[in-house]
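Quick notes on the structure that follows.
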Amino acid sequence: MRQTAVVNSNKNLYILHLTILIWGFTGILGALISMDAVQMVWYRVLIAAATLFLYFLLSKTSMKITKKQFLQFFFTGSIVALHWVLFFHAIKVSTVSVGLVCLSSFTLFTAILEPLIKKKAIEKGDIFIGLVIILGIYMIFKFESQYTLGIIFGLSAALASSIFSIINSTLIHQSEAKMIGFYEMVGALFWISLYRIFDGSLLQETFNIGLHNWFYLLILGTICTALAYVAGVSVMRTLSAFRVALITNLEPVYGILLAFLFFGNKETMTLGFYIGAALILSAVFLYPVYKKRQSKL
């Protein structure tokens with residue numbers, strides 16, 4: 001029995017690493033797909049929502065939720081949509097590496113916002129981690145000033161990600177993760193569609209976007225969003241939340257390595273960028289370790 005549990009745990013560990021690698025690949029797809037960020041995210045959530053809906057049908061999973069839950073997920077979906085639009089726009093106006101490293105500042109925003117939202121005191125260790133990340137961001141701004149717009153959009157994407165993650169950390173105690181994900185994608189689709197109706201782009205949508213765009217979007221919507229989401233949730237059955245959080249921090253590392261493989265010299269940055277990135281990633285990796293030790297005190 002114990003041996004079976006160990007085997008399942010190891011299997012889920014491999015699945016988690018593969019899932020994080022897939023999430024890191026979304027930045028590559030964002031750079032490869034030749035359309036603006038809003039249109040790209042609209043296709044992404046449309047395909048992801050349809051894929052998860054099909055998954056629910058095939059697995060005969062009940063999709064029933066309360067009106068209150070629906071409204072919570074639906075409106076949180078607007079923040080999810082904003083996060084993805086800002087992230088992909090950051091990549092479009094800078095590079096994959098810049099977008100992913102700035103997204104890592106999610107830890108900083110969470111350390112500040114979560115205590116404020118949940119009315120708790122900000123811990124000294126959180127402030128220290130935050131200062132290290134701020135120093136890293138300063139280094140990137142200083143040495144990669146040509147990507148200032150991309151850095152601003154990347155940081156804004158991290159802020160949006162932090163907000164909906166804090167909201168979801170409360171919702172997860174009341175609902176199943178797959179239900180939250182599905183209805184948030186439905187909400188994201190609605191809010192982006194509403195925006196596209198007002199700017200006139202949706203009324204002109206012909207779906208004639210080219211085979212290469214369809215190919216990359218299908219990968220983005222199915223494998224990198226719907227499938228990766230379900231896989232990411234399923235591994236929580238045998239892996240601790242701490243272990244999942246620690247491994248998830250590898251996303252920017254995997255993403256930057258993939259960016260080098262796909263785009264080569266385009267992703268080459270100054271030494272200052274790498275020092276700043278190293279500071280941010282070090283803080284991001286140390287944060288869950290620090291949190292685990294604090295919980296034992």
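Residues are named by chain letter and number: chains run A, B, ... in the order of the structure tokens, numbers start at 1 in each chain, and ligands are numbered from 1 in the order shown.
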
Members of region 242-273 of chain A assigned alpha helix (DSSP H) by DSSP, as a list in words
Phe242, Arg243, Val244, Ala245, Leu246, Ile247, Thr248, Glu251, Pro252, Val253, Tyr254, Gly255, Ile256, Leu257, Leu258, Ala259, Phe260, Leu261, Phe262, Phe263, Leu271, Gly272 and Phe273 of chain A

Skipping near chain neighbours, those fewer than 3 positions away, what residues fall within 12 Å of region 107-110 of chain A using only C-alpha atoms, listed as an mmCIF file with C-alpha atoms, in the first residue's frame?
data_model
loop_
_atom_site.group_PDB
_atom_site.id
_atom_site.type_symbol
_atom_site.label_atom_id
_atom_site.label_comp_id
_atom_site.auth_asym_id
_atom_site.auth_seq_id
_atom_site.Cartn_x
_atom_site.Cartn_y
_atom_site.Cartn_z
ATOM 1 C CA VAL A 101 10.624 37.387 -15.244
ATOM 2 C CA CYS A 102 8.258 40.312 -14.586
ATOM 3 C CA LEU A 103 5.447 37.819 -14.040
ATOM 4 C CA SER A 104 7.546 36.320 -11.223
ATOM 5 C CA LEU A 113 -2.002 42.376 -0.987
ATOM 6 C CA GLU A 114 -3.004 39.154 0.781
ATOM 7 C CA PRO A 115 -2.471 40.506 4.331
ATOM 8 C CA LEU A 116 -4.298 43.726 3.388
ATOM 9 C CA ILE A 117 -7.275 41.918 1.832
ATOM 10 C CA LYS A 118 -7.491 39.329 4.623
ATOM 11 C CA ILE A 122 2.493 41.991 6.926
ATOM 12 C CA GLY A 125 10.151 38.267 6.151
ATOM 13 C CA ASP A 126 7.599 39.190 3.475
ATOM 14 C CA ILE A 127 8.940 42.750 3.440
ATOM 15 C CA PHE A 128 12.511 41.481 2.994
ATOM 16 C CA ILE A 129 11.505 39.166 0.129
ATOM 17 C CA GLY A 130 9.589 42.056 -1.416
ATOM 18 C CA LEU A 131 12.611 44.385 -1.218
ATOM 19 C CA VAL A 132 14.799 41.783 -2.974
ATOM 20 C CA ILE A 133 12.238 41.493 -5.789
ATOM 21 C CA ILE A 134 11.985 45.302 -6.065
ATOM 22 C CA LEU A 135 15.785 45.474 -6.372
ATOM 23 C CA GLY A 136 15.646 42.862 -9.139
ATOM 24 C CA ILE A 137 12.931 44.806 -10.971
ATOM 25 C CA LEU A 155 4.309 43.782 -13.782
ATOM 26 C CA SER A 156 0.644 44.690 -14.337
ATOM 27 C CA ALA A 157 -0.016 41.081 -15.414
ATOM 28 C CA ALA A 158 1.631 39.879 -12.198
ATOM 29 C CA LEU A 159 -0.566 42.239 -10.157
ATOM 30 C CA ALA A 160 -3.731 40.914 -11.849
ATOM 31 C CA SER A 161 -2.523 37.333 -11.319
ATOM 32 C CA SER A 162 -1.957 38.041 -7.632
ATOM 33 C CA ILE A 163 -5.461 39.485 -7.189
ATOM 34 C CA PHE A 164 -7.353 36.584 -8.760
ATOM 35 C CA SER A 165 -5.102 34.042 -7.004
ATOM 36 C CA ILE A 166 -5.922 35.585 -3.623
ATOM 37 C CA ILE A 167 -9.626 35.462 -4.519
ATOM 38 C CA SER A 169 -7.477 30.910 -2.409
ATOM 39 C CA ALA A 245 4.174 25.902 -5.037
ATOM 40 C CA LEU A 246 7.942 25.362 -4.995
ATOM 41 C CA THR A 248 5.626 26.020 -9.919
ATOM 42 C CA ASN A 249 8.370 28.610 -9.445
ATOM 43 C CA ILE A 280 13.768 37.904 -8.433
ATOM 44 C CA LEU A 281 13.906 34.141 -9.006
ATOM 45 C CA SER A 282 16.000 33.610 -5.851
ATOM 46 C CA ALA A 283 13.421 35.501 -3.807
ATOM 47 C CA VAL A 284 10.583 33.554 -5.454
ATOM 48 C CA PHE A 285 12.216 30.220 -4.617
ATOM 49 C CA LEU A 286 13.110 31.241 -1.065
ATOM 50 C CA TYR A 287 9.609 32.551 -0.291
ATOM 51 C CA PRO A 288 7.807 29.172 0.066
ATOM 52 C CA LYS A 291 6.746 30.339 4.691
#

I'd like the interatomic distance between CA of Tyr254 (chain A) and CA of Glu176 (chain A), to a tenth of an Å.
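So the two atoms, CA of Tyr254 (chain A) and CA of Glu176 (chain A), lie 28.4 Å apart.
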
Any chance you could tabulate, as CSV, the residues of region 91-174 of chain A at most 12 Å from region 35-50 of chain A with each one's nearest atom pair and distance in Å to one decimal, using only C-alpha atoms, in chain and rising number order?
residue,atom,partner,partner_atom,distance
A:Ile91,CA,A:Ala37,CA,9.1
A:Lys92,CA,A:Ala37,CA,7.7
A:Val93,CA,A:Ala37,CA,10.4
A:Phe153,CA,A:Ala37,CA,11.5

For Tyr229 (chain A), which residue out of A:Phe143, A:Phe182, A:Phe25, A:Phe87 is the nearest one, using only C-alpha atoms?
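Looking at the shortest contact to Tyr229 (chain A), the residue is A:Phe182.
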
Near-Asn168 (chain A) list (10 Å; only C-alpha atoms; drop same-chain fewer than 5 positions) as a list in words
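Residues near the query, excluding close chain neighbours: Gln72, Phe73, Thr76, Ser162, Ile163, His173, Gln174, Ser175, Ala177, Ile180 and Gly181 of chain A.
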
Would you put the residues from that selection into a file with N, CA and C atoms, as a tab-separated table (two decimals), in the first residue's frame?
chain	number	residue	atom	x	y	z
A	72	GLN	N	-19.46	34.79	-8.50
A	72	GLN	CA	-18.09	34.94	-8.01
A	72	GLN	C	-17.09	34.54	-9.09
A	73	PHE	N	-17.30	33.38	-9.69
A	73	PHE	CA	-16.39	32.89	-10.73
A	73	PHE	C	-16.44	33.79	-11.96
A	76	THR	N	-14.64	37.08	-11.36
A	76	THR	CA	-13.20	36.82	-11.22
A	76	THR	C	-12.59	36.54	-12.58
A	162	SER	N	-1.95	38.09	-9.09
A	162	SER	CA	-1.96	38.04	-7.63
A	162	SER	C	-3.37	38.24	-7.09
A	163	ILE	N	-4.11	39.17	-7.67
A	163	ILE	CA	-5.46	39.48	-7.19
A	163	ILE	C	-6.39	38.29	-7.36
A	173	HIS	N	-11.94	26.78	-1.03
A	173	HIS	CA	-12.44	26.10	0.18
A	173	HIS	C	-13.95	25.85	0.10
A	174	GLN	N	-14.58	26.43	-0.93
A	174	GLN	CA	-16.03	26.31	-1.05
A	174	GLN	C	-16.45	25.57	-2.33
A	175	SER	N	-15.53	25.43	-3.28
A	175	SER	CA	-15.88	24.84	-4.57
A	175	SER	C	-14.73	23.99	-5.11
A	177	ALA	N	-11.89	22.88	-7.75
A	177	ALA	CA	-10.98	23.69	-8.56
A	177	ALA	C	-11.37	23.68	-10.04
A	180	ILE	N	-14.21	26.05	-10.63
A	180	ILE	CA	-13.72	27.43	-10.58
A	180	ILE	C	-13.06	27.79	-11.91
A	181	GLY	N	-12.17	26.92	-12.37
A	181	GLY	CA	-11.45	27.17	-13.62
A	181	GLY	C	-12.37	27.30	-14.81

Name all residues at most 7 Å from Ala188 (chain A) (count only C-alpha atoms; drop same-chain ones fewer than 2 positions away) and give them as a ChimeraX atom specification.
/A:45,77-78,80-81,184-186,190-192

Of the candidates A:Gly200, A:Ile247, A:Leu57, A:Trp84, which shows the shortest atom-to-atom distance to Leu13 (chain A), using only C-alpha atoms?
A:Ile247

Between A:Leu220, A:Ala278, A:Ala226, A:Ile172, which is the closest to Gln69 (chain A) once you count only C-alpha atoms?
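Comparing A:Leu220, A:Ala278, A:Ala226, A:Ile172 against Gln69 (chain A), the winner is A:Ile172.
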
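Taking CA of Thr270 (chain A) and CA of Thr95 (chain A) as the two end points, the separation is 13.0 Å.
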
When distances are computed from only C-alpha atoms, which of A:Tyr138, A:Trp23, A:Phe106, A:Tyr14 shows the smallest separation from Ile275 (chain A)?
A:Tyr138

Env of Leu16 (chain A): 9 Å cut, atoms = only C-alpha atoms, seq-sep filter 4 positions within chain, self excluded. Answer as a PDB file with C-alpha atoms, in the first residue's frame.
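What ended up in around_4.pdb:
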ATOM      1  CA  LYS A  11       4.209   9.823 -11.070  1.00  0.00           C
ATOM      2  CA  ASN A  12       2.390  13.006 -10.074  1.00  0.00           C
ATOM      3  CA  ILE A  20       4.960  23.609 -15.408  1.00  0.00           C
ATOM      4  CA  LEU A  21       7.002  23.110 -18.577  1.00  0.00           C
ATOM      5  CA  ALA A 228      -2.551  21.566 -18.020  1.00  0.00           C
ATOM      6  CA  ALA A 231      -3.387  17.981 -14.580  1.00  0.00           C
ATOM      7  CA  GLY A 232      -2.177  20.709 -12.225  1.00  0.00           C
ATOM      8  CA  VAL A 235      -1.502  16.173  -8.679  1.00  0.00           C
ATOM      9  CA  VAL A 244       3.503  22.210  -5.773  1.00  0.00           C
ATOM     10  CA  ILE A 247       7.995  23.495  -8.324  1.00  0.00           C
ATOM     11  CA  THR A 248       5.626  26.020  -9.919  1.00  0.00           C
TER      12      THR A 248
END
